[in-house]
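Asker: I'd like to ask some things about the structure below.
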Amino acid sequence: MSKISVSLSSLPQEAVRALEKLGADLAVARLRRKESLRSWAQRIGVSVPTLMKMERGDPGVSAGIYATALWMMGRAGAVAELANPETDRGALEADVREAVSFRSTGAPKPRRRRPSRLVKS
């Protein structure tokens, strides 16, 4: 019997639902390709029970197995975009809060440049 990690047993419900949806979507992708559990598992390099766990969204299945299944579907690029800093709203909002805080703490304000006067010769 395998040991269940504390982090896996206390996953936020939103994360659990996301993994379940990913697993169900991967199962649909396999079925649409008319692949059996056995052949798909063999192509991914896992056992049939592991593939079944993945399709249920089991958080104990390695991220590498999920990534390989996505690669099999031609969606490996989706994995690379999951934590793209450019779309990290939480960090972007923190950057804005920091800028607003910096501005309101009395930090020196940038000086406006006076337009230079043209000297006529």
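By convention in this document, the chains of the structure tokens carry letters A, B, ... by their order, each chain's residues are numbered from 1, and ligands are numbered from 1 in the order they are shown.
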Excluding Ala41 (chain A) and residues on its chain fewer than 5 positions from it, collect all residues at most 9 Å away from it, counting only C-alpha atoms, and give them as JSON, numbers by chain.

Answerer: {"A": [36, 46, 47, 48, 49, 50, 51, 52]}

Asker: Please identify all polymer residues within 10 Å of region 7-16 of chain A, counting only C-alpha atoms, omitting same-chain residues fewer than 5 positions from it, and present them as a ChimeraX atom specification.

Answerer: /A:21-22,57-60

Asker: Restricted to N, CA and C atoms, what would the selected residues look like written as a PDB file, in the first residue's frame?

Answerer:
ATOM      1  N   LYS A  21     -11.179  17.409 -14.441  1.00  0.00           N
ATOM      2  CA  LYS A  21     -11.563  17.836 -15.782  1.00  0.00           C
ATOM      3  C   LYS A  21     -10.470  17.493 -16.785  1.00  0.00           C
ATOM      4  N   LEU A  22      -9.205  17.740 -16.420  1.00  0.00           N
ATOM      5  CA  LEU A  22      -8.093  17.397 -17.306  1.00  0.00           C
ATOM      6  C   LEU A  22      -8.110  15.904 -17.611  1.00  0.00           C
ATOM      7  N   GLY A  57      -8.207  11.878 -12.980  1.00  0.00           N
ATOM      8  CA  GLY A  57      -7.663  13.110 -12.426  1.00  0.00           C
ATOM      9  C   GLY A  57      -6.961  12.915 -11.104  1.00  0.00           C
ATOM     10  N   ASP A  58      -6.432  11.745 -10.887  1.00  0.00           N
ATOM     11  CA  ASP A  58      -5.736  11.439  -9.638  1.00  0.00           C
ATOM     12  C   ASP A  58      -4.499  12.337  -9.494  1.00  0.00           C
ATOM     13  N   PRO A  59      -4.402  13.094  -8.392  1.00  0.00           N
ATOM     14  CA  PRO A  59      -3.267  14.001  -8.207  1.00  0.00           C
ATOM     15  C   PRO A  59      -1.956  13.277  -7.932  1.00  0.00           C
ATOM     16  N   GLY A  60      -2.006  11.981  -7.652  1.00  0.00           N
ATOM     17  CA  GLY A  60      -0.791  11.216  -7.401  1.00  0.00           C
ATOM     18  C   GLY A  60      -0.072  10.805  -8.673  1.00  0.00           C
TER      19      GLY A  60
END

Asker: Set the distance at 8 Å and use only C-alpha atoms: which residues neighbour Ala76 (chain A) once local chain neighbours fewer than 6 positions away are removed? I'd like the list as a PyMOL selection string.

Answerer: chain A and resi 67-68+70

Asker: Take the residues from that selection and write them out as an mmCIF file, in the first residue's frame, keeping N, CA and C atoms.

Answerer:
data_model
loop_
_atom_site.group_PDB
_atom_site.id
_atom_site.type_symbol
_atom_site.label_atom_id
_atom_site.label_comp_id
_atom_site.auth_asym_id
_atom_site.auth_seq_id
_atom_site.Cartn_x
_atom_site.Cartn_y
_atom_site.Cartn_z
ATOM 1 N N ALA A 67 1.848 15.340 -18.933
ATOM 2 C CA ALA A 67 2.515 16.057 -20.020
ATOM 3 C C ALA A 67 2.709 15.149 -21.236
ATOM 4 N N THR A 68 3.045 13.890 -21.003
ATOM 5 C CA THR A 68 3.218 12.954 -22.114
ATOM 6 C C THR A 68 1.895 12.712 -22.825
ATOM 7 N N LEU A 70 -0.578 14.795 -23.026
ATOM 8 C CA LEU A 70 -0.849 16.006 -23.801
ATOM 9 C C LEU A 70 0.015 16.045 -25.059
#

Asker: To one decimal place in Å, what is the distance between CA of Gly45 (chain A) and CA of Arg17 (chain A)?

Answerer: 25.3 Å

Asker: Here is a test: counting only C-alpha atoms, which residue of A:Val100, A:Ile44, A:Ala27, A:Leu82 is nearest to Arg56 (chain A)?

Answerer: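 Closest to Arg56 (chain A), using only C-alpha atoms: A:Ala27.
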
Asker: Run DSSP on the backbone and grab whatever in chain A lands in helix (DSSP H, G or I); send it over as a PyMOL selection string.

Answerer: chain A and resi 6-9+13-32+37-44+48-56+63-72+76-81+85-87+89-104

Asker: Which value, in Å to one decimal, gives the distance between CA of Met73 (chain A) and CA of Ala29 (chain A)?

Answerer: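 Between CA of Met73 (chain A) and CA of Ala29 (chain A) the gap is 7.4 Å.
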